[in-house]
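Text of the file protein_1.cif, holding mmCIF, C-alpha atoms:
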data_input
#
loop_
_atom_site.label_atom_id
_atom_site.label_comp_id
_atom_site.auth_asym_id
_atom_site.auth_seq_id
_atom_site.Cartn_x
_atom_site.Cartn_y
_atom_site.Cartn_z
CA MET A 250 0.00 0.00 0.00
CA SER A 251 1.61 3.23 -1.13
CA GLY A 252 0.63 6.76 -0.28
CA PRO A 253 0.85 8.93 2.79
CA LEU A 254 0.83 7.52 6.31
CA TRP A 255 -2.69 8.72 7.04
CA ARG A 256 -3.89 6.75 4.02
CA GLU A 257 -2.52 3.60 5.64
CA GLU A 258 -3.93 4.43 9.04
CA PHE A 259 -7.36 5.29 7.66
CA SER A 260 -7.62 2.69 4.94
CA VAL A 261 -10.92 2.32 3.17
CA ARG A 262 -10.60 -1.44 3.61
CA SER A 263 -11.77 -2.52 7.01
CA SER A 264 -9.37 -5.47 6.85
CA GLU A 265 -6.42 -3.05 6.75
CA GLU A 266 -7.66 -0.89 9.58
CA SER A 267 -5.21 -0.73 12.41
CA TYR A 268 -4.78 1.30 15.51
CA VAL A 269 -1.52 3.02 16.38
CA SER A 270 0.67 0.44 18.02
CA ARG A 271 2.11 0.89 21.50
CA ARG A 272 5.62 0.88 20.06
CA GLN A 273 4.74 3.59 17.53
CA PHE A 274 3.14 5.71 20.24
CA GLY A 275 6.15 5.23 22.52
CA LYS A 276 8.46 6.24 19.70
CA PHE A 277 6.42 9.37 19.13
CA LEU A 278 6.52 10.30 22.83
CA ILE A 279 10.26 9.75 23.16
CA LEU A 280 11.16 11.62 19.98
CA THR A 281 8.89 14.54 20.82
CA SER A 282 10.22 14.92 24.36
CA LEU A 283 13.77 14.58 23.04
CA GLY A 284 13.01 17.39 20.61
CA MET A 285 11.63 19.55 23.43
CA PHE A 286 14.69 18.83 25.58
CA VAL A 287 17.13 19.75 22.80
CA GLY A 288 15.15 22.92 22.06
CA ASN A 289 15.25 23.99 25.70
CA LEU A 290 18.97 23.23 25.86
CA TRP A 291 19.51 25.45 22.85
CA LEU A 292 17.55 28.30 24.45
CA LEU A 293 19.59 27.90 27.63
CA MET A 294 22.87 28.02 25.69
CA ARG A 295 21.70 31.08 23.85
CA SER A 296 20.89 32.99 27.02
CA TRP A 297 24.24 31.97 28.55
CA LEU A 298 26.22 33.05 25.55
CA ARG A 299 24.48 36.36 25.06
CA ARG A 300 26.51 39.43 25.90
CA PRO A 301 24.86 42.62 27.12
CA PRO A 302 24.11 44.77 24.10
CA THR A 303 26.12 47.93 23.54
CA PHE A 304 24.48 51.14 22.47
CA PRO A 305 26.03 53.93 20.44
CA SER A 306 25.89 57.57 21.55
CA MET A 307 23.77 59.43 19.08
CA GLN A 308 22.44 62.93 18.88
CA VAL A 309 18.71 62.49 18.35
CA ALA A 310 17.18 65.94 18.78
CA ARG A 311 17.69 69.47 19.93
CA LEU A 312 15.62 70.61 22.85
CA SER A 313 14.76 73.86 21.11
CA GLU A 314 13.16 72.10 18.13
CA VAL A 315 10.59 70.27 20.24
CA PRO A 316 7.83 72.51 21.62
CA GLU A 317 6.26 71.87 25.01
CA GLY A 318 3.75 69.05 24.68
CA GLY A 319 5.32 68.14 21.35
CA VAL A 320 7.05 65.02 20.13
CA LYS A 321 9.89 64.10 17.84
CA LEU A 322 10.27 60.75 16.17
CA PHE A 323 13.71 59.29 15.73
CA ARG A 324 15.35 55.92 15.28
CA TYR A 325 17.64 54.40 17.86
CA PRO A 326 19.85 52.36 18.17
CA THR A 327 19.46 51.27 14.53
CA ALA A 328 17.48 52.65 11.63
CA SER A 329 14.84 49.96 12.09
CA ASP A 330 14.00 50.83 15.71
CA PRO A 331 11.48 53.69 15.77
CA CYS A 332 11.47 55.77 18.96
CA ILE A 333 9.41 58.68 20.21
CA LEU A 334 10.71 61.63 22.19
CA VAL A 335 8.18 63.54 24.28
CA ARG A 336 8.67 66.96 25.82
CA ARG A 337 6.04 67.24 28.50
CA ARG A 338 6.55 70.60 30.08
CA GLY A 339 9.51 72.77 30.78
CA GLU A 340 12.64 70.85 30.02
CA GLU A 341 11.21 67.49 31.05
CA VAL A 342 11.87 65.10 28.15
CA ALA A 343 11.54 61.34 27.90
CA ALA A 344 12.07 58.98 25.01
CA TYR A 345 10.71 55.52 24.48
CA SER A 346 10.70 52.86 21.86
CA GLN A 347 7.66 53.48 19.68
CA LYS A 348 6.85 49.82 19.33
CA CYS A 349 4.03 48.73 21.63
CA THR A 350 5.18 45.76 23.69
CA HIS A 351 1.99 43.92 22.80
CA LEU A 352 2.05 43.60 19.01
CA SER A 353 4.49 46.32 17.93
CA CYS A 354 2.00 48.90 16.75
CA ALA A 355 3.33 52.45 16.84
CA VAL A 356 2.35 54.28 20.03
CA THR A 357 1.39 57.97 19.90
CA TYR A 358 1.55 60.68 22.53
CA SER A 359 -1.68 62.16 23.85
CA ALA A 360 -0.84 65.49 25.42
CA GLU A 361 -4.24 66.11 27.06
CA ARG A 362 -4.29 62.69 28.73
CA GLY A 363 -0.55 62.68 29.34
CA ARG A 364 0.12 59.15 28.19
CA LEU A 365 1.40 57.12 25.28
CA GLU A 366 -1.42 55.34 23.53
CA CYS A 367 -1.40 52.38 21.23
CA PRO A 368 -4.28 52.68 18.72
CA CYS A 369 -4.44 48.97 17.94
CA HIS A 370 -5.72 47.52 21.21
CA GLN A 371 -5.92 50.53 23.53
CA GLY A 372 -2.73 49.77 25.41
CA TYR A 373 -1.74 52.86 27.38
CA PHE A 374 1.70 53.61 28.80
CA SER A 375 2.74 56.19 31.33
CA VAL A 376 4.77 58.95 29.75
CA ARG A 377 6.59 59.36 33.08
CA ASP A 378 8.32 55.96 33.15
CA GLY A 379 6.83 53.86 30.35
CA ARG A 380 4.92 51.46 32.57
CA VAL A 381 1.66 49.91 31.41
CA LEU A 382 -1.46 51.80 32.50
CA GLN A 383 -4.05 49.60 30.84
CA GLY A 384 -4.58 47.21 27.99
CA PRO A 385 -3.03 44.01 26.74
CA PRO A 386 0.72 44.85 26.95
CA GLN A 387 2.54 43.08 29.75
CA ARG A 388 5.91 44.83 29.63
CA PRO A 389 6.72 48.53 29.90
CA LEU A 390 7.94 50.44 26.87
CA PRO A 391 11.75 50.27 26.56
CA ARG A 392 13.10 53.63 27.60
CA VAL A 393 15.82 55.49 25.70
CA LEU A 394 18.36 56.91 28.15
CA LEU A 395 19.04 60.52 27.27
CA GLU A 396 21.85 62.88 28.17
CA ARG A 397 21.72 66.59 27.66
CA HIS A 398 24.69 68.57 26.44
CA GLY A 399 23.57 72.17 26.12
CA ASP A 400 20.76 72.09 23.60
CA ASP A 401 21.61 68.65 22.26
CA LEU A 402 19.81 65.51 23.41
CA ILE A 403 22.09 62.50 23.16
CA ALA A 404 20.76 58.93 23.35
CA VAL A 405 23.27 56.81 25.23
CA GLY A 406 21.45 53.56 25.85
CA MET A 407 18.19 51.75 26.37
CA ASP A 408 16.52 50.53 29.50
CA MET A 409 14.59 47.43 28.51
CA GLY A 410 12.58 47.47 31.70
CA GLU A 411 12.10 44.37 33.82
CA GLY A 412 13.96 41.23 32.81
CA ASP A 413 15.54 40.83 29.40
CA ALA A 414 13.65 41.94 26.40
CA MET B 249 -23.03 -16.44 -0.23
CA PHE B 250 -19.74 -17.89 -1.33
CA GLY B 251 -19.26 -18.39 -5.05
CA TYR B 252 -22.19 -16.24 -6.08
CA GLU B 253 -21.74 -13.14 -8.18
CA PHE B 254 -23.99 -10.24 -9.04
CA TYR B 255 -24.76 -9.69 -12.74
CA VAL B 256 -26.53 -6.65 -14.16
CA ASP B 257 -27.92 -6.95 -17.66
CA PRO B 258 -29.57 -3.73 -18.86
CA SER B 259 -30.71 -5.37 -22.09
CA ARG B 260 -33.08 -7.51 -20.03
CA CYS B 261 -34.50 -4.67 -17.95
CA ILE B 262 -38.19 -4.04 -18.59
CA GLY B 263 -38.43 -1.01 -16.32
CA CYS B 264 -41.00 -2.58 -13.99
CA GLN B 265 -39.49 -0.94 -10.90
CA ALA B 266 -40.02 -4.13 -8.87
CA CYS B 267 -36.43 -3.92 -7.65
CA VAL B 268 -36.87 -0.30 -6.56
CA ASN B 269 -39.98 -1.11 -4.56
CA ALA B 270 -38.53 -4.26 -3.09
CA CYS B 271 -35.42 -2.38 -2.03
CA ALA B 272 -37.47 0.33 -0.35
CA GLU B 273 -39.24 -2.36 1.69
CA CYS B 274 -36.07 -3.23 3.53
CA ASP B 275 -36.12 -2.54 7.25
CA THR B 276 -32.58 -1.13 7.30
CA HIS B 277 -33.54 1.78 5.02
CA ARG B 278 -37.34 1.66 4.73
CA GLY B 279 -38.70 4.08 2.18
CA TYR B 280 -35.36 4.77 0.55
CA PRO B 281 -34.61 2.59 -2.50
CA MET B 282 -30.86 2.01 -2.95
CA ILE B 283 -31.30 0.91 -6.55
CA HIS B 284 -32.08 3.33 -9.33
CA VAL B 285 -33.82 2.54 -12.60
CA ASP B 286 -32.70 5.10 -15.13
CA TYR B 287 -34.34 5.93 -18.44
CA LEU B 288 -31.65 6.16 -21.08
CA ASP B 289 -33.42 8.54 -23.47
CA ARG B 290 -36.96 8.86 -22.34
CA GLY B 291 -38.23 10.77 -25.35
CA ALA B 292 -36.98 8.31 -27.92
CA SER B 293 -36.75 4.95 -26.19
CA ILE B 294 -38.31 2.75 -23.56
CA ALA B 295 -34.89 1.42 -22.57
CA THR B 296 -34.21 1.37 -18.86
CA VAL B 297 -31.09 0.56 -16.88
CA PRO B 298 -31.05 -0.69 -13.31
CA MET B 299 -28.14 0.69 -11.34
CA VAL B 300 -26.90 -1.02 -8.22
CA CYS B 301 -23.61 -0.29 -6.54
CA MET B 302 -20.86 -1.89 -8.62
CA HIS B 303 -18.67 -2.38 -5.51
CA CYS B 304 -15.41 -1.20 -7.06
CA ASP B 305 -12.19 -2.94 -6.08
CA ASP B 306 -10.74 0.49 -5.33
CA PRO B 307 -13.88 2.44 -4.38
CA THR B 308 -13.60 6.09 -5.42
CA CYS B 309 -16.42 7.07 -3.05
CA ALA B 310 -14.45 5.76 -0.07
CA GLN B 311 -11.19 7.25 -1.31
CA VAL B 312 -12.67 10.74 -1.40
CA CYS B 313 -14.53 10.47 1.92
CA PRO B 314 -12.94 13.01 4.30
CA ALA B 315 -14.57 11.41 7.34
CA ASP B 316 -13.50 7.80 6.72
CA ALA B 317 -17.21 6.92 6.75
CA ILE B 318 -17.31 4.55 3.77
CA LYS B 319 -15.58 1.23 4.35
CA GLN B 320 -14.97 -1.72 2.12
CA GLY B 321 -15.46 -5.04 3.83
CA GLU B 322 -13.15 -8.00 3.51
CA ASP B 323 -15.51 -9.55 0.97
CA GLY B 324 -15.23 -6.48 -1.30
CA VAL B 325 -18.63 -5.04 -0.45
CA VAL B 326 -18.52 -1.26 -0.16
CA HIS B 327 -20.82 -0.34 2.67
CA SER B 328 -23.18 2.56 3.13
CA ALA B 329 -21.76 5.55 5.04
CA LEU B 330 -21.43 5.04 8.77
CA LYS B 331 -24.01 7.25 10.42
CA PRO B 332 -21.73 8.48 13.26
CA ARG B 333 -19.04 9.52 10.78
CA CYS B 334 -20.84 10.81 7.69
CA VAL B 335 -20.70 14.61 7.49
CA ALA B 336 -23.07 14.79 4.48
CA CYS B 337 -20.46 16.54 2.33
CA SER B 338 -21.58 14.75 -0.87
CA ASN B 339 -18.00 14.15 -2.00
CA CYS B 340 -18.88 10.52 -2.72
CA VAL B 341 -21.99 11.53 -4.68
CA LEU B 342 -19.87 13.68 -6.97
CA ALA B 343 -16.96 11.25 -7.19
CA CYS B 344 -18.72 7.94 -7.95
CA PRO B 345 -18.30 7.20 -11.66
CA PHE B 346 -21.56 5.22 -11.66
CA GLY B 347 -23.70 7.80 -9.81
CA VAL B 348 -24.66 5.35 -7.09
CA PRO B 349 -24.40 7.16 -3.73
CA LYS B 350 -27.32 9.41 -2.94
CA MET B 351 -27.32 12.08 -0.25
CA GLN B 352 -30.36 11.91 1.99
CA SER B 353 -30.18 15.48 3.16
CA GLU B 354 -33.04 15.12 5.64
CA LEU B 355 -31.02 12.39 7.38
CA GLU B 356 -27.68 14.12 6.71
CA LEU B 357 -26.43 10.76 5.56
CA MET B 358 -25.22 9.21 2.36
CA MET B 359 -26.96 5.92 1.68
CA LYS B 360 -26.02 3.46 -1.00
CA CYS B 361 -26.50 -0.12 -2.06
CA ASP B 362 -24.52 -2.54 0.10
CA MET B 363 -25.61 -5.61 -1.86
CA CYS B 364 -28.20 -6.33 0.88
CA TYR B 365 -25.43 -7.10 3.33
CA ASP B 366 -27.92 -8.32 5.93
CA ARG B 367 -29.18 -10.87 3.40
CA THR B 368 -26.08 -11.89 1.43
CA SER B 369 -24.02 -12.36 4.58
CA ALA B 370 -26.72 -14.74 5.85
CA GLY B 371 -26.95 -16.83 2.69
CA LEU B 372 -29.83 -15.03 0.98
CA ARG B 373 -29.83 -13.31 -2.38
CA PRO B 374 -30.10 -9.50 -2.65
CA MET B 375 -33.73 -8.39 -2.67
CA CYS B 376 -33.59 -6.80 -6.13
CA ALA B 377 -32.18 -9.97 -7.70
CA THR B 378 -34.84 -11.98 -5.89
CA VAL B 379 -37.75 -10.00 -7.33
CA CYS B 380 -36.42 -9.16 -10.82
CA PRO B 381 -38.83 -10.95 -13.21
CA SER B 382 -36.51 -10.82 -16.23
CA GLN B 383 -33.33 -11.54 -14.26
CA ALA B 384 -31.74 -8.32 -15.45
CA LEU B 385 -30.42 -8.44 -11.92
CA ALA B 386 -29.07 -11.88 -11.21
CA TYR B 387 -27.21 -13.19 -8.19
CA VAL B 388 -26.00 -16.58 -9.37
CA LYS B 389 -22.91 -18.71 -9.67
CA PRO B 390 -20.68 -17.80 -12.67
CA GLU B 391 -21.46 -21.05 -14.48
CA ALA B 392 -25.17 -20.22 -14.46
CA ILE B 393 -24.60 -17.08 -16.54
CA THR B 394 -22.55 -18.60 -19.35
CA HIS B 395 -25.60 -19.66 -21.41
CA ARG B 396 -26.57 -16.05 -21.99
CA ARG B 397 -25.76 -14.27 -25.21
CA GLU B 398 -24.03 -11.37 -23.40
CA VAL B 399 -20.78 -11.85 -21.55
CA PRO B 400 -19.95 -10.47 -18.16
CA THR B 401 -17.29 -7.80 -17.71
CA ASN B 402 -16.15 -5.90 -14.69
CA VAL B 403 -13.66 -3.50 -16.31
CA PHE B 404 -14.76 0.04 -16.97
CA GLN B 405 -12.69 2.77 -18.52
CA PHE B 406 -13.56 6.32 -17.49
CA GLY B 407 -11.11 8.52 -19.35
CA ARG B 408 -7.76 7.58 -17.83
CA GLN B 409 -9.28 5.83 -14.80
CA THR B 410 -9.72 2.09 -15.06
CA VAL B 411 -12.33 0.83 -12.63
CA THR B 412 -12.69 -2.85 -11.83
CA THR B 413 -15.73 -3.89 -9.91
CA ARG B 414 -17.09 -6.80 -7.96
CA VAL B 415 -20.46 -6.62 -9.70
CA PHE B 416 -20.47 -7.75 -13.31
CA TYR B 417 -22.12 -6.00 -16.21
CA MET B 418 -23.45 -7.99 -19.14
CA VAL B 419 -22.11 -6.58 -22.41
CA PRO B 420 -22.08 -7.70 -26.04
CA PRO B 421 -19.45 -10.43 -26.61
CA SER B 422 -17.32 -8.08 -28.73
CA THR B 423 -16.84 -5.66 -25.86
CA PRO B 424 -14.03 -6.63 -23.50
CA ALA B 425 -14.29 -3.51 -21.39
CA VAL B 426 -16.84 -0.76 -21.12
CA GLU B 427 -15.27 2.48 -22.26
CA ILE B 428 -17.04 5.64 -21.32
CA ASP B 429 -16.06 8.93 -22.88
CA VAL B 430 -16.68 11.21 -19.92
CA VAL B 431 -16.26 14.41 -21.91
CA ASP B 432 -18.82 13.22 -24.43
CA TYR B 433 -21.36 12.62 -21.66
CA LEU B 434 -20.69 16.00 -20.11
CA TRP B 435 -21.42 17.69 -23.44
CA GLU B 436 -24.81 19.36 -23.24
CA GLY B 437 -24.92 21.11 -26.61
CA GLU B 438 -26.11 19.90 -29.98
CA ARG B 439 -24.84 16.52 -31.02
#
Translate the structure of the given file into structure tokens.
Amino acid sequence: MSGPLWREEFSVRSSEESYVSRRQFGKFLILTSLGMFVGNLWLLMRSWLRRPPTFPSMQVARLSEVPEGGVKLFRYPTASDPCILVRRRGEEVAAYSQKCTHLSCAVTYSAERGRLECPCHQGYFSVRDGRVLQGPPQRPLPRVLLERHGDDLIAVGMDMGEGDA
Amino acid sequence: MFGYEFYVDPSRCIGCQACVNACAECDTHRGYPMIHVDYLDRGASIATVPMVCMHCDDPTCAQVCPADAIKQGEDGVVHSALKPRCVACSNCVLACPFGVPKMQSELELMMKCDMCYDRTSAGLRPMCATVCPSQALAYVKPEAITHRREVPTNVFQFGRQTVTTRVFYMVPPSTPAVEIDVVDYLWEGER
């Protein structure tokens, strides 16, 4: 009998009908758990071997170009990581990754409600420290660490929040 | 019944519908005949053809069943769909080259001829063969059919698909296999 395995297991001939044998089932269990074990081992090795990421220093904005209650979008640390810089009032600025920690939609700043809002599933983040205020996200927004040299705002690193991200 | 074979001879059919009514009497599917008597060309001819399940060696209806509801027994009889499994998808109805399975939508079940399995497995002849007055449907030993003018064949050619069946069809002696030009039958325009 040729054809796929399911064709053999669900033969149209009742004389060829057979249930999965104990040996076959045992083989399946052992191979699957072996696969799970190897996969976990690989994940463990990966987390052991990972070095802490290094971030470049990069001038991302000038304080004078962002009005109070305004935002500036930039990319940090690479060109594929969108970030948002918010100037709340006075010289209080904060920058976060723009990718919502739920499903990576772009978050926007709502000045009147004073929070970062994700339009996709109404996940709200505090603009003060990036923590989750409501909605499906579980992790806070990664925060861009800023340094100020005169008028220049320099990004020097990222705070991924709790745990590794 | 060991050694007995089913022979269908459309040239003997007189269209009396006795087989249809006898089949519908059966307690396993009362009211639903599993045999069909088809008129070949009603406007021009009185010719009729009885159609029972041919019980293919490699049943297409069972091969296309997604629910594994149609099973072929060890004796080659292709059984009606199993009620707990049939999902009433009509795949078998569309796939059968002989047009045998019928969907009973009010029962959500495909029902087809199973060669009167309750009778033939207990040493009785199928009901249609029992009542057929002209023996267009005959359930006899092979040697009892040899005196007829037609010869039995169980090879059918549908395009590129060769179908061999358990039930025999009586054909003219010059015809070794029944070849059916499917495209020709699908043609609905002027001939």
**Q.** Within-12 Å shell of (19.6, 68.0, 21.3) in input frame, all atoms listed in the file, as an MDAnalysis selection string
**A.** chainID A and resid 307:315 321 323 334 336 340 342 395:404
**Q.** Within 12 Å of B:Leu288 using all atoms listed in the file, minus same-chain residues under 3 positions, as an MDAnalysis selection string
**A.** chainID B and resid 258:259 261 263 285 291:299
Q: With a distance threshold of 6 Å and counting only C-alpha atoms, extract the residues of chain A near chain B and express them as a PyMOL selection string.
A: chain A and resi 261-264
Q | Point-to-point distance in Å for atom CA of B:Phe404 and atom CA of B:Ala425 | A |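 It comes out at 5.7 Å.
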Q: Work out how far atom CA of B:Pro420 is from atom CA of B:Phe406, in Å to one decimal.
A: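 Taking atom CA of B:Phe406 as the start and atom CA of B:Pro420 as the end point, the length is 18.5 Å.
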Produce the centre coordinates and the three edge lengths, each in Å to one decimal, of the box along x, y and z that contains all listed atoms of stretch 333-343 of chain B with 8 Å added on each side, as AutoDock Vina command-line options.
--center_x -20.0 --center_y 13.0 --center_z 1.8 --size_x 22.1 --size_y 23.0 --size_z 34.0
Residues proximal to (-20.3, -1.8, -8.8) were defined as those with any atom within 8 Å of that point in the file's coordinates, counting only C-alpha atoms. Which are they, as a CSV table (one decimal) with C-alpha atoms, in the frame of the given file?
chain,number,residue,atom,x,y,z
B,300,VAL,CA,-26.9,-1.0,-8.2
B,301,CYS,CA,-23.6,-0.3,-6.5
B,302,MET,CA,-20.9,-1.9,-8.6
B,303,HIS,CA,-18.7,-2.4,-5.5
B,304,CYS,CA,-15.4,-1.2,-7.1
B,346,PHE,CA,-21.6,5.2,-11.7
B,413,THR,CA,-15.7,-3.9,-9.9
B,414,ARG,CA,-17.1,-6.8,-8.0
B,415,VAL,CA,-20.5,-6.6,-9.7
B,416,PHE,CA,-20.5,-7.8,-13.3
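Residue membership of the PyMOL selection byres ((chain A and resi 385) around 8) in the shown file amounts to His351, His370, Gln371, Gly372, Gln383, Gly384, Pro386 and Gln387 of chain A.
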Near A:Arg364, counting all atoms listed in the file, which residues have an atom at most 8 Å away, once you skip same-chain residues fewer than 6 positions from it, shown as a CSV table (one decimal) with C-alpha atoms, in the coordinates of the input?
chain,number,residue,atom,x,y,z
A,358,TYR,CA,1.6,60.7,22.5
A,373,TYR,CA,-1.7,52.9,27.4
A,374,PHE,CA,1.7,53.6,28.8
A,375,SER,CA,2.7,56.2,31.3
A,376,VAL,CA,4.8,59.0,29.8
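Atom CA of B:Cys361 sits 13.6 Å away from atom CA of B:Gly279.
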Q.
Could you tell me, as a list in words, exactly which residues end up selected when the PyMOL selection byres ((chain B and resi 359) around 7) is applied to this structure?
A.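 With the shown file as input, the PyMOL selection byres ((chain B and resi 359) around 7) matches Ser328, Ala329, Pro349, Lys350, Met351, Gln352, Leu357, Met358 and Lys360 of chain B.
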Report as a compact mmCIF listing (two decimals) with C-alpha atoms, keeping the file's coordinate frame the full result of the PyMOL selection byres ((chain B and resi 264-270) around 9) when it is applied to this structure.
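expr.txt, freshly written:
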# COMPACT_ATOMS: atom_id res chain seq x y z
CA CYS B 261 -34.50 -4.67 -17.95
CA ILE B 262 -38.19 -4.04 -18.59
CA GLY B 263 -38.43 -1.01 -16.32
CA CYS B 271 -35.42 -2.38 -2.03
CA ALA B 272 -37.47 0.33 -0.35
CA GLU B 273 -39.24 -2.36 1.69
CA CYS B 274 -36.07 -3.23 3.53
CA GLY B 279 -38.70 4.08 2.18
CA TYR B 280 -35.36 4.77 0.55
CA PRO B 281 -34.61 2.59 -2.50
CA MET B 282 -30.86 2.01 -2.95
CA ILE B 283 -31.30 0.91 -6.55
CA HIS B 284 -32.08 3.33 -9.33
CA VAL B 285 -33.82 2.54 -12.60
CA PRO B 298 -31.05 -0.69 -13.31
CA MET B 375 -33.73 -8.39 -2.67
CA CYS B 376 -33.59 -6.80 -6.13
CA ALA B 377 -32.18 -9.97 -7.70
CA THR B 378 -34.84 -11.98 -5.89
CA VAL B 379 -37.75 -10.00 -7.33
CA CYS B 380 -36.42 -9.16 -10.82
CA PRO B 381 -38.83 -10.95 -13.21
CA LEU B 385 -30.42 -8.44 -11.92
Q | Residue nearest A:Ser359 - candidates A:Leu390, A:Val320, A:Tyr345, A:Ala328, atoms counted: only C-alpha atoms | A |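 The answer is A:Val320, which sits nearest to A:Ser359.
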Where atoms are missing, can you supply N, CA and C atoms for stretch 346-365 of chain B and output the lot as an mmCIF file, in the frame of the given file?
data_model
loop_
_atom_site.group_PDB
_atom_site.id
_atom_site.type_symbol
_atom_site.label_atom_id
_atom_site.label_comp_id
_atom_site.auth_asym_id
_atom_site.auth_seq_id
_atom_site.Cartn_x
_atom_site.Cartn_y
_atom_site.Cartn_z
ATOM 1 N N PHE B 346 -20.303 5.857 -11.262
ATOM 2 C CA PHE B 346 -21.560 5.220 -11.660
ATOM 3 C C PHE B 346 -22.782 5.986 -11.137
ATOM 4 N N GLY B 347 -22.577 7.017 -10.332
ATOM 5 C CA GLY B 347 -23.700 7.800 -9.810
ATOM 6 C C GLY B 347 -24.534 7.050 -8.803
ATOM 7 N N VAL B 348 -23.907 6.206 -8.005
ATOM 8 C CA VAL B 348 -24.660 5.350 -7.090
ATOM 9 C C VAL B 348 -25.003 6.023 -5.750
ATOM 10 N N PRO B 349 -24.048 6.605 -5.061
ATOM 11 C CA PRO B 349 -24.400 7.160 -3.730
ATOM 12 C C PRO B 349 -25.397 8.298 -3.855
ATOM 13 N N LYS B 350 -26.340 8.326 -2.958
ATOM 14 C CA LYS B 350 -27.320 9.410 -2.940
ATOM 15 C C LYS B 350 -27.294 10.035 -1.547
ATOM 16 N N MET B 351 -27.300 11.375 -1.528
ATOM 17 C CA MET B 351 -27.320 12.080 -0.250
ATOM 18 C C MET B 351 -28.748 12.236 0.219
ATOM 19 N N GLN B 352 -29.035 11.699 1.385
ATOM 20 C CA GLN B 352 -30.360 11.910 1.990
ATOM 21 C C GLN B 352 -30.207 13.101 2.919
ATOM 22 N N SER B 353 -30.520 14.285 2.384
ATOM 23 C CA SER B 353 -30.180 15.480 3.160
ATOM 24 C C SER B 353 -31.010 15.591 4.421
ATOM 25 N N GLU B 354 -32.245 15.022 4.423
ATOM 26 C CA GLU B 354 -33.040 15.120 5.640
ATOM 27 C C GLU B 354 -32.469 14.240 6.757
ATOM 28 N N LEU B 355 -31.681 13.232 6.370
ATOM 29 C CA LEU B 355 -31.020 12.390 7.380
ATOM 30 C C LEU B 355 -29.571 12.807 7.568
ATOM 31 N N GLU B 356 -29.100 13.733 6.734
ATOM 32 C CA GLU B 356 -27.680 14.120 6.710
ATOM 33 C C GLU B 356 -26.802 12.878 6.635
ATOM 34 N N LEU B 357 -27.125 12.036 5.673
ATOM 35 C CA LEU B 357 -26.430 10.760 5.560
ATOM 36 C C LEU B 357 -26.432 10.311 4.109
ATOM 37 N N MET B 358 -25.268 9.831 3.672
ATOM 38 C CA MET B 358 -25.220 9.210 2.360
ATOM 39 C C MET B 358 -25.647 7.762 2.519
ATOM 40 N N MET B 359 -26.538 7.318 1.638
ATOM 41 C CA MET B 359 -26.960 5.920 1.680
ATOM 42 C C MET B 359 -26.746 5.324 0.294
ATOM 43 N N LYS B 360 -26.239 4.111 0.279
ATOM 44 C CA LYS B 360 -26.020 3.460 -1.000
ATOM 45 C C LYS B 360 -26.246 1.963 -0.840
ATOM 46 N N CYS B 361 -26.317 1.324 -2.009
ATOM 47 C CA CYS B 361 -26.500 -0.120 -2.060
ATOM 48 C C CYS B 361 -25.318 -0.823 -1.402
ATOM 49 N N ASP B 362 -25.603 -1.749 -0.496
ATOM 50 C CA ASP B 362 -24.520 -2.540 0.100
ATOM 51 C C ASP B 362 -24.729 -4.022 -0.224
ATOM 52 N N MET B 363 -25.324 -4.261 -1.384
ATOM 53 C CA MET B 363 -25.610 -5.610 -1.860
ATOM 54 C C MET B 363 -26.414 -6.395 -0.817
ATOM 55 N N CYS B 364 -27.364 -5.717 -0.172
ATOM 56 C CA CYS B 364 -28.200 -6.330 0.880
ATOM 57 C C CYS B 364 -27.321 -7.108 1.854
ATOM 58 N N TYR B 365 -26.430 -6.391 2.531
ATOM 59 C CA TYR B 365 -25.430 -7.100 3.330
ATOM 60 C C TYR B 365 -26.085 -7.965 4.396
#
